[in-house]
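To be precise, the following lines are model-v2.tsv, and they hold TSV, C-alpha atoms.
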chain	number	residue	atom	x	y	z
A	1	MET	CA	25.23	0.14	-100.73
A	2	ARG	CA	28.36	-1.68	-99.56
A	3	ASN	CA	29.80	1.53	-98.08
A	4	PHE	CA	26.52	2.19	-96.27
A	5	PHE	CA	26.56	-1.31	-94.75
A	6	ILE	CA	30.16	-0.89	-93.57
A	7	LYS	CA	29.41	2.52	-92.03
A	8	PHE	CA	26.27	1.19	-90.37
A	9	THR	CA	28.16	-1.79	-88.92
A	10	VAL	CA	30.98	0.42	-87.60
A	11	PHE	CA	28.43	2.84	-86.12
A	12	GLY	CA	26.54	-0.02	-84.45
A	13	MET	CA	29.69	-1.54	-82.94
A	14	THR	CA	30.87	1.86	-81.74
A	15	PHE	CA	27.46	2.55	-80.18
A	16	LEU	CA	27.41	-0.81	-78.38
A	17	PHE	CA	30.98	-0.40	-77.13
A	18	THR	CA	30.25	3.13	-75.88
A	19	GLY	CA	27.08	1.94	-74.14
A	20	PHE	CA	28.90	-0.98	-72.50
A	21	THR	CA	31.71	1.31	-71.32
A	22	PHE	CA	29.21	3.83	-69.95
A	23	ALA	CA	27.28	1.11	-68.10
A	24	ASN	CA	30.43	-0.23	-66.45
A	25	THR	CA	31.59	3.26	-65.50
A	26	TYR	CA	28.15	4.06	-64.10
A	27	GLU	CA	28.25	0.89	-61.96
A	28	VAL	CA	31.60	1.84	-60.41
A	29	VAL	CA	31.00	5.57	-59.91
A	30	PHE	CA	27.39	5.44	-58.70
A	31	ASN	CA	27.55	2.03	-56.98
A	32	ARG	CA	24.72	0.47	-58.98
A	33	ASP	CA	24.21	-2.95	-60.51
A	34	ILE	CA	23.32	-2.85	-64.21
A	35	PRO	CA	22.45	-6.04	-66.12
A	36	LEU	CA	25.06	-7.00	-68.74
A	37	ALA	CA	27.71	-4.74	-67.19
A	38	GLY	CA	30.46	-6.56	-65.30
A	39	SER	CA	32.37	-3.97	-63.31
A	40	VAL	CA	30.47	-4.73	-60.11
A	41	GLU	CA	29.25	-8.22	-59.18
A	42	ARG	CA	27.00	-9.42	-56.38
A	43	SER	CA	28.97	-11.44	-53.86
A	44	SER	CA	27.86	-15.06	-53.49
A	45	ASN	CA	28.94	-14.82	-49.89
A	46	GLN	CA	26.15	-12.75	-48.30
A	47	THR	CA	25.67	-15.11	-45.33
A	48	ALA	CA	29.32	-15.16	-44.30
A	49	ILE	CA	29.79	-11.41	-44.64
A	50	ASN	CA	26.59	-10.50	-42.80
A	51	SER	CA	27.17	-12.96	-39.97
A	52	ALA	CA	30.75	-11.73	-39.44
A	53	VAL	CA	29.64	-8.09	-39.42
A	54	GLN	CA	26.94	-8.84	-36.84
A	55	ASP	CA	29.21	-11.03	-34.73
A	56	PHE	CA	32.04	-8.50	-34.48
A	57	GLU	CA	29.77	-5.49	-34.18
A	58	THR	CA	28.95	-6.51	-30.64
A	59	ARG	CA	32.34	-7.79	-29.55
A	60	LEU	CA	33.86	-6.07	-26.53
A	61	THR	CA	37.31	-4.72	-27.32
A	62	SER	CA	40.01	-5.38	-24.74
A	63	ASN	CA	42.52	-3.02	-23.13
A	64	ASN	CA	45.04	-4.24	-25.71
A	65	THR	CA	43.11	-2.41	-28.42
A	66	ASP	CA	42.68	0.88	-26.56
A	67	SER	CA	45.93	2.32	-27.86
A	68	VAL	CA	45.80	1.00	-31.45
A	69	ALA	CA	46.62	3.55	-34.13
A	70	ALA	CA	43.90	5.00	-36.33
A	71	LEU	CA	44.52	2.89	-39.43
A	72	ASP	CA	41.77	3.65	-41.91
A	73	ARG	CA	41.28	3.16	-45.64
A	74	ILE	CA	43.00	-0.14	-46.33
A	75	GLU	CA	44.74	0.21	-49.70
A	76	ARG	CA	46.14	-3.27	-50.27
A	77	LEU	CA	47.03	-6.61	-48.74
A	78	GLU	CA	50.38	-8.25	-49.36
A	79	ILE	CA	51.19	-11.93	-48.79
A	80	PRO	CA	55.01	-12.16	-49.07
A	81	ALA	CA	55.16	-15.98	-49.03
A	82	LEU	CA	52.94	-16.14	-52.14
A	83	LYS	CA	54.38	-12.98	-53.74
A	84	ALA	CA	50.80	-11.75	-53.99
A	85	GLN	CA	49.15	-8.35	-53.58
A	86	ILE	CA	45.48	-7.42	-53.59
A	87	THR	CA	44.27	-3.87	-54.18
A	88	THR	CA	41.56	-2.93	-51.69
A	89	GLU	CA	38.79	-0.35	-51.54
A	90	GLU	CA	35.77	0.39	-49.36
A	91	SER	CA	32.90	-2.09	-49.41
A	92	ARG	CA	30.00	-1.74	-51.84
A	93	LEU	CA	26.50	-2.18	-50.44
A	94	ILE	CA	23.71	-2.10	-53.05
A	95	ASN	CA	20.09	-2.69	-51.98
A	96	ASN	CA	21.39	-4.17	-48.70
A	97	GLU	CA	23.56	-6.72	-50.51
A	98	TRP	CA	27.34	-6.86	-50.74
A	99	TYR	CA	28.95	-6.32	-54.13
A	100	ALA	CA	32.54	-6.46	-55.31
A	101	ARG	CA	34.64	-5.38	-58.25
A	102	PRO	CA	36.19	-8.54	-59.76
A	103	SER	CA	39.66	-6.99	-59.69
A	104	THR	CA	39.51	-5.62	-56.15
A	105	ALA	CA	39.06	-6.65	-52.53
A	106	HIS	CA	36.72	-4.63	-50.31
A	107	TYR	CA	36.94	-3.78	-46.61
A	108	ILE	CA	34.33	-3.23	-43.90
A	109	GLY	CA	35.11	-1.66	-40.52
A	110	LEU	CA	33.65	-4.05	-37.93
A	111	ASN	CA	33.89	-2.17	-34.64
A	112	LYS	CA	35.58	0.66	-32.77
A	113	ASN	CA	37.32	1.00	-29.42
A	114	LYS	CA	36.31	3.52	-26.77
A	115	TYR	CA	38.28	6.23	-28.57
A	116	GLY	CA	36.34	5.78	-31.81
A	117	VAL	CA	39.21	4.05	-33.64
A	118	THR	CA	38.28	1.13	-35.90
A	119	VAL	CA	39.86	-1.99	-34.46
A	120	ASP	CA	38.79	-4.92	-36.63
A	121	TYR	CA	38.09	-5.23	-40.34
A	122	LEU	CA	36.59	-7.70	-42.75
A	123	VAL	CA	38.09	-7.89	-46.25
A	124	TYR	CA	36.21	-9.80	-48.95
A	125	ALA	CA	37.00	-10.60	-52.58
A	126	ILE	CA	36.12	-12.93	-55.44
A	127	LYS	CA	38.80	-15.45	-56.41
A	128	SER	CA	40.40	-14.55	-59.77
A	129	TRP	CA	43.77	-13.95	-61.41
A	130	ARG	CA	43.20	-10.25	-60.69
A	131	THR	CA	42.79	-10.75	-56.92
A	132	LEU	CA	44.05	-14.08	-55.57
A	133	PRO	CA	44.01	-17.02	-58.00
A	134	ALA	CA	44.83	-19.64	-55.35
A	135	PRO	CA	43.43	-18.80	-51.88
A	136	GLU	CA	43.90	-22.45	-50.91
A	137	ARG	CA	47.64	-21.76	-50.74
A	138	ILE	CA	47.22	-19.40	-47.79
A	139	GLU	CA	48.12	-21.36	-44.67
A	140	GLN	CA	48.15	-20.79	-40.92
A	141	GLY	CA	51.30	-19.05	-39.75
A	142	MET	CA	51.74	-16.99	-42.93
A	143	GLU	CA	52.23	-13.25	-42.59
A	144	VAL	CA	49.95	-10.74	-44.30
A	145	VAL	CA	50.99	-7.10	-44.56
A	146	VAL	CA	48.11	-4.63	-44.46
A	147	HIS	CA	48.89	-1.27	-46.11
A	148	TYR	CA	46.79	1.74	-45.14
A	149	GLY	CA	45.98	5.04	-46.84
A	150	ASN	CA	48.17	7.10	-44.53
A	151	GLY	CA	51.27	5.18	-45.61
A	152	ALA	CA	51.31	3.02	-42.48
A	153	GLY	CA	51.39	-0.76	-42.52
A	154	SER	CA	50.93	-3.58	-40.06
A	155	VAL	CA	51.97	-7.23	-40.14
A	156	LEU	CA	49.32	-9.78	-39.21
A	157	GLN	CA	49.53	-13.55	-38.96
A	158	VAL	CA	47.05	-16.12	-40.27
A	159	THR	CA	45.76	-17.88	-37.14
A	160	GLU	CA	42.71	-19.68	-38.55
A	161	LYS	CA	41.73	-21.09	-41.94
A	162	LYS	CA	38.31	-22.45	-42.90
A	163	VAL	CA	36.76	-23.68	-46.14
A	164	LEU	CA	32.97	-23.48	-46.05
A	165	PRO	CA	29.92	-23.51	-48.36
A	166	PHE	CA	28.25	-20.17	-49.00
A	167	ASP	CA	25.32	-20.89	-46.67
A	168	ARG	CA	27.60	-21.43	-43.65
A	169	SER	CA	28.59	-18.58	-41.34
A	170	LEU	CA	32.21	-17.77	-40.65
A	171	LEU	CA	32.81	-18.16	-36.92
A	172	VAL	CA	36.34	-17.48	-35.72
A	173	SER	CA	37.92	-16.94	-32.33
A	174	LYS	CA	38.07	-13.31	-31.31
A	175	SER	CA	41.53	-11.99	-30.54
A	176	GLU	CA	42.34	-9.54	-27.78
A	177	TYR	CA	44.37	-7.65	-30.39
A	178	ARG	CA	43.53	-6.04	-33.72
A	179	GLN	CA	42.03	-8.59	-36.13
A	180	VAL	CA	41.24	-8.78	-39.86
A	181	LEU	CA	38.88	-11.37	-41.32
A	182	LEU	CA	39.77	-12.27	-44.90
A	183	VAL	CA	36.99	-13.89	-46.95
A	184	LEU	CA	37.78	-15.12	-50.47
A	185	GLU	CA	34.94	-16.69	-52.41
A	186	ASP	CA	35.33	-19.32	-55.12
A	187	PRO	CA	32.05	-19.24	-57.11
A	188	ASP	CA	33.06	-22.14	-59.36
A	189	ALA	CA	33.59	-24.48	-56.39
A	190	GLY	CA	30.65	-23.10	-54.38
A	191	VAL	CA	32.83	-22.45	-51.32
A	192	TYR	CA	34.67	-19.61	-49.64
A	193	TYR	CA	37.93	-19.45	-47.75
A	194	GLY	CA	37.76	-17.68	-44.41
A	195	PHE	CA	40.92	-16.56	-42.59
A	196	SER	CA	41.49	-14.86	-39.28
A	197	LEU	CA	44.51	-12.54	-39.32
A	198	GLU	CA	45.77	-11.27	-35.99
A	199	ALA	CA	48.17	-8.58	-34.90
A	200	LYS	CA	50.11	-9.54	-31.78
A	201	VAL	CA	50.92	-5.96	-30.82
Any chance you could put this one into C-alpha coordinates?
Amino acid sequence: MRNFFIKFTVFGMTFLFTGFTFANTYEVVFNRDIPLAGSVERSSNQTAINSAVQDFETRLTSNNTDSVAALDRIERLEIPALKAQITTEESRLINNEWYARPSTAHYIGLNKNKYGVTVDYLVYAIKSWRTLPAPERIEQGMEVVVHYGNGAGSVLQVTEKKVLPFDRSLLVSKSEYRQVLLVLEDPDAGVYYGFSLEAKV
(Lines of atoms letter the chains of each structure in order from A and count residues from 1; the text may use other names and numbers.)
(Lines give C-alpha, C1' and ligand atoms only; values in the text may rest on other atoms or scores of the structure.)
Protein backbone atom coordinates (compact mmCIF):
# COMPACT_ATOMS: atom_id res chain seq x y z
CA MET A 1 0.00 0.00 0.00
CA ARG A 2 2.84 2.37 0.87
CA ASN A 3 4.54 1.75 -2.49
CA PHE A 4 1.25 2.40 -4.29
CA PHE A 5 0.82 5.73 -2.46
CA ILE A 6 4.36 6.80 -3.34
CA LYS A 7 3.91 5.86 -7.00
CA PHE A 8 0.55 7.63 -7.14
CA THR A 9 2.02 10.79 -5.59
CA VAL A 10 4.98 10.79 -7.99
CA PHE A 11 2.63 10.21 -10.93
CA GLY A 12 0.35 13.05 -9.81
CA MET A 13 3.22 15.51 -9.38
CA THR A 14 4.69 14.52 -12.74
CA PHE A 15 1.29 14.95 -14.41
CA LEU A 16 0.78 18.40 -12.88
CA PHE A 17 4.29 19.53 -13.79
CA THR A 18 3.88 18.29 -17.37
CA GLY A 19 0.51 20.02 -17.66
CA PHE A 20 1.90 23.29 -16.29
CA THR A 21 4.87 23.15 -18.67
CA PHE A 22 2.59 22.41 -21.62
CA ALA A 23 0.27 25.31 -20.71
CA ASN A 24 3.16 27.76 -20.51
CA THR A 25 4.64 26.52 -23.79
CA TYR A 26 1.23 26.76 -25.46
CA GLU A 27 0.86 30.38 -24.27
CA VAL A 28 4.19 31.40 -25.80
CA VAL A 29 3.98 29.46 -29.07
CA PHE A 30 0.31 30.09 -29.90
CA ASN A 31 0.00 33.52 -28.27
CA ARG A 32 -2.87 32.58 -25.95
CA ASP A 33 -3.65 33.40 -22.34
CA ILE A 34 -4.31 30.33 -20.20
CA PRO A 35 -5.41 30.66 -16.55
CA LEU A 36 -2.77 29.48 -14.05
CA ALA A 37 0.01 29.62 -16.65
CA GLY A 38 2.44 32.52 -16.24
CA SER A 39 4.49 32.72 -19.40
CA VAL A 40 2.34 35.49 -20.87
CA GLU A 41 0.70 38.21 -18.75
CA ARG A 42 -1.82 40.89 -19.65
CA SER A 43 -0.23 44.32 -19.50
CA SER A 44 -1.75 46.68 -16.94
CA ASN A 45 -0.85 49.49 -19.29
CA GLN A 46 -3.49 49.17 -22.03
CA THR A 47 -4.40 52.89 -22.03
CA ALA A 48 -0.83 54.14 -22.44
CA ILE A 49 0.06 51.64 -25.15
CA ASN A 50 -3.12 52.18 -27.17
CA SER A 51 -2.97 55.97 -26.94
CA ALA A 52 0.68 56.04 -28.05
CA VAL A 53 -0.02 53.72 -30.99
CA GLN A 54 -2.94 55.90 -32.12
CA ASP A 55 -1.04 59.15 -31.58
CA PHE A 56 2.03 58.12 -33.58
CA GLU A 57 0.09 56.27 -36.25
CA THR A 58 -1.04 59.58 -37.67
CA ARG A 59 2.12 61.60 -37.16
CA LEU A 60 3.64 63.10 -40.29
CA THR A 61 7.26 62.05 -40.69
CA SER A 62 9.72 64.78 -41.62
CA ASN A 63 12.37 64.90 -44.33
CA ASN A 64 14.89 63.89 -41.66
CA THR A 65 13.33 60.42 -41.54
CA ASP A 66 13.15 59.84 -45.29
CA SER A 67 16.61 58.30 -45.46
CA VAL A 68 16.54 56.28 -42.22
CA ALA A 69 17.79 52.71 -42.54
CA ALA A 70 15.37 49.79 -42.46
CA LEU A 71 15.94 48.70 -38.86
CA ASP A 72 13.43 45.99 -38.09
CA ARG A 73 13.10 43.30 -35.43
CA ILE A 74 14.49 44.95 -32.32
CA GLU A 75 16.45 42.28 -30.43
CA ARG A 76 17.49 44.10 -27.27
CA LEU A 77 17.93 47.43 -25.54
CA GLU A 78 21.10 48.31 -23.69
CA ILE A 79 21.48 51.09 -21.11
CA PRO A 80 25.26 51.44 -20.56
CA ALA A 81 24.99 53.80 -17.57
CA LEU A 82 22.95 51.20 -15.65
CA LYS A 83 24.81 48.18 -17.08
CA ALA A 84 21.40 46.84 -18.07
CA GLN A 85 20.12 44.92 -21.09
CA ILE A 86 16.58 43.93 -22.00
CA THR A 87 15.80 41.18 -24.50
CA THR A 88 13.06 42.26 -26.90
CA GLU A 89 10.59 40.50 -29.16
CA GLU A 90 7.54 41.43 -31.24
CA SER A 91 4.43 42.58 -29.40
CA ARG A 92 1.73 40.13 -28.32
CA LEU A 93 -1.87 41.11 -29.02
CA ILE A 94 -4.48 38.69 -27.62
CA ASN A 95 -8.20 39.49 -28.00
CA ASN A 96 -7.26 43.11 -28.78
CA GLU A 97 -5.28 43.48 -25.55
CA TRP A 98 -1.53 43.81 -25.12
CA TYR A 99 0.32 41.00 -23.37
CA ALA A 100 3.94 40.55 -22.35
CA ARG A 101 6.30 37.82 -21.29
CA PRO A 102 7.59 38.73 -17.79
CA SER A 103 11.20 38.22 -18.89
CA THR A 104 10.99 40.16 -22.14
CA ALA A 105 10.22 43.58 -23.58
CA HIS A 106 7.99 43.84 -26.66
CA TYR A 107 8.10 46.26 -29.59
CA ILE A 108 5.41 47.76 -31.82
CA GLY A 109 6.16 49.56 -35.09
CA LEU A 110 4.31 52.88 -34.88
CA ASN A 111 4.56 54.35 -38.36
CA LYS A 112 6.43 54.30 -41.67
CA ASN A 113 8.01 56.93 -43.90
CA LYS A 114 7.13 57.37 -47.56
CA TYR A 115 9.49 54.52 -48.49
CA GLY A 116 7.69 52.03 -46.24
CA VAL A 117 10.46 51.96 -43.61
CA THR A 118 9.35 51.85 -39.97
CA VAL A 119 10.50 55.06 -38.32
CA ASP A 120 9.24 55.01 -34.73
CA TYR A 121 8.73 52.20 -32.24
CA LEU A 122 7.10 51.64 -28.89
CA VAL A 123 8.77 49.17 -26.52
CA TYR A 124 6.85 47.99 -23.45
CA ALA A 125 7.76 45.71 -20.55
CA ILE A 126 6.79 44.78 -17.00
CA LYS A 127 9.23 45.84 -14.28
CA SER A 128 11.12 42.84 -12.84
CA TRP A 129 14.61 41.56 -12.14
CA ARG A 130 14.41 39.82 -15.52
CA THR A 131 13.74 43.04 -17.46
CA LEU A 132 14.55 46.26 -15.61
CA PRO A 133 14.32 46.13 -11.81
CA ALA A 134 14.70 49.90 -11.33
CA PRO A 135 13.21 51.96 -14.20
CA GLU A 136 13.22 54.99 -11.90
CA ARG A 137 17.00 55.12 -12.35
CA ILE A 138 16.67 55.96 -16.04
CA GLU A 139 17.17 59.71 -16.38
CA GLN A 140 17.05 62.32 -19.13
CA GLY A 141 20.30 62.54 -21.05
CA MET A 142 21.14 58.83 -20.70
CA GLU A 143 22.01 56.88 -23.83
CA VAL A 144 20.12 53.76 -24.87
CA VAL A 145 21.56 51.46 -27.52
CA VAL A 146 18.97 49.72 -29.68
CA HIS A 147 20.20 46.47 -31.27
CA TYR A 148 18.39 45.17 -34.34
CA GLY A 149 18.04 41.73 -35.93
CA ASN A 150 20.30 42.54 -38.86
CA GLY A 151 23.24 43.21 -36.52
CA ALA A 152 22.87 46.98 -36.75
CA GLY A 153 22.53 49.26 -33.75
CA SER A 154 21.63 52.85 -33.06
CA VAL A 155 22.27 55.12 -30.09
CA LEU A 156 19.31 57.11 -28.79
CA GLN A 157 19.09 59.62 -25.96
CA VAL A 158 16.43 59.88 -23.26
CA THR A 159 14.78 63.25 -23.87
CA GLU A 160 11.63 62.90 -21.73
CA LYS A 161 10.70 60.98 -18.59
CA LYS A 162 7.22 60.67 -17.11
CA VAL A 163 5.73 58.69 -14.22
CA LEU A 164 1.98 58.22 -14.63
CA PRO A 165 -0.91 56.08 -13.34
CA PHE A 166 -2.18 53.36 -15.66
CA ASP A 167 -5.29 55.31 -16.67
CA ARG A 168 -3.26 58.26 -17.99
CA SER A 169 -2.10 58.46 -21.61
CA LEU A 170 1.54 58.91 -22.48
CA LEU A 171 1.89 62.15 -24.44
CA VAL A 172 5.39 63.08 -25.53
CA SER A 173 6.83 65.59 -27.96
CA LYS A 174 7.31 64.21 -31.44
CA SER A 175 10.84 64.39 -32.77
CA GLU A 176 11.76 65.17 -36.36
CA TYR A 177 14.12 62.20 -36.14
CA ARG A 178 13.66 58.51 -35.40
CA GLN A 179 12.03 58.00 -31.99
CA VAL A 180 11.44 55.08 -29.59
CA LEU A 181 8.90 55.25 -26.77
CA LEU A 182 9.89 53.07 -23.82
CA VAL A 183 7.07 52.14 -21.42
CA LEU A 184 7.91 50.21 -18.25
CA GLU A 185 5.05 49.31 -15.96
CA ASP A 186 5.30 48.82 -12.21
CA PRO A 187 2.17 46.84 -11.22
CA ASP A 188 2.98 46.95 -7.49
CA ALA A 189 3.09 50.76 -7.45
CA GLY A 190 0.20 51.17 -9.93
CA VAL A 191 2.26 53.43 -12.20
CA TYR A 192 4.29 53.24 -15.38
CA TYR A 193 7.45 54.99 -16.50
CA GLY A 194 7.27 56.52 -19.96
CA PHE A 195 10.43 57.62 -21.80
CA SER A 196 10.99 59.26 -25.14
CA LEU A 197 14.24 58.16 -26.79
CA GLU A 198 15.44 60.15 -29.77
CA ALA A 199 18.06 59.64 -32.44
CA LYS A 200 19.69 62.89 -33.50
CA VAL A 201 20.83 61.57 -36.88
- Note on the structure: Across A:Asn95, A:Asn50, A:Asn45, A:Ser173, the smallest distance to A:Thr159, with only C-alpha atoms counted, is shown by A:Ser173
- Message: Between A:Leu132, A:Ile126, A:Ala105, A:Val158, which residue has the minimum interatomic distance to A:Gly190, considering all atoms listed in the file?
- Response: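 Going through A:Leu132, A:Ile126, A:Ala105, A:Val158 one by one, the smallest distance to A:Gly190 is for A:Ile126.
Distance check against A:Val119 using only C-alpha atoms: of A:Ala100, A:Arg42, A:Asn64, A:Asp186, the minimum falls on A:Asn64.
Computed from the coordinates, the atom CA of A:Ser62 to atom CA of A:Ser154 distance equals 18.9 Å.
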- Item | Pairwise distance for atom CA of A:Glu176 and atom CA of A:Phe56, rounded to one decimal in Å | 12.3 Å
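Proximity of A:Ala48, A:Ala70, A:Ala189, A:Ala84 to A:Leu171, computed with only C-alpha atoms, is greatest for A:Ala48.
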- Query: From the list A:Arg92, A:Leu181, A:Phe166, A:Leu110, which residue is nearest A:Val146 when using only C-alpha atoms?
  - Reply: A:Leu181
- Item | Test item: residues at most 9 Å from A:Glu90, only C-alpha atoms, excluding those fewer than 3 positions along its chain, as a PyMOL selection string | chain A and resi 73-75+105-108
Serialized selection, C-alpha atoms, as a PDB file, keeping the file's coordinate frame:
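Now in selection_19.pdb:
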ATOM      1  CA  ARG A  73      41.280   3.160 -45.640  1.00  0.00           C
ATOM      2  CA  ILE A  74      43.000  -0.140 -46.330  1.00  0.00           C
ATOM      3  CA  GLU A  75      44.740   0.210 -49.700  1.00  0.00           C
ATOM      4  CA  ALA A 105      39.060  -6.650 -52.530  1.00  0.00           C
ATOM      5  CA  HIS A 106      36.720  -4.630 -50.310  1.00  0.00           C
ATOM      6  CA  TYR A 107      36.940  -3.780 -46.610  1.00  0.00           C
ATOM      7  CA  ILE A 108      34.330  -3.230 -43.900  1.00  0.00           C
TER       8      ILE A 108
END
- May I ask for the distance between atom CA of A:Asp167 and atom CA of A:Ala52, given in Å to one decimal place? 12.9 Å
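Using all atoms listed in the file, the nearest neighbour of A:Pro187 within the list A:Ile79, A:Ala125, A:Val172, A:Val145 is A:Ala125.
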- Nearby residues (all atoms listed in the file) at most 7 Å from A:Thr104, same-chain spacing under 2 positions excluded, as a list in words: Ile86, Thr87, Thr88, Arg101, Pro102, His106, Ala125 and Thr131 of chain A
- List every protein, DNA or RNA residue that has an atom no more than 9 Å from (28.8, -5.3, -54.8) in the file's coordinate frame, counting only C-alpha atoms, and report them as a ChimeraX atom specification. /A:31-33,40-43,91-94,97-101
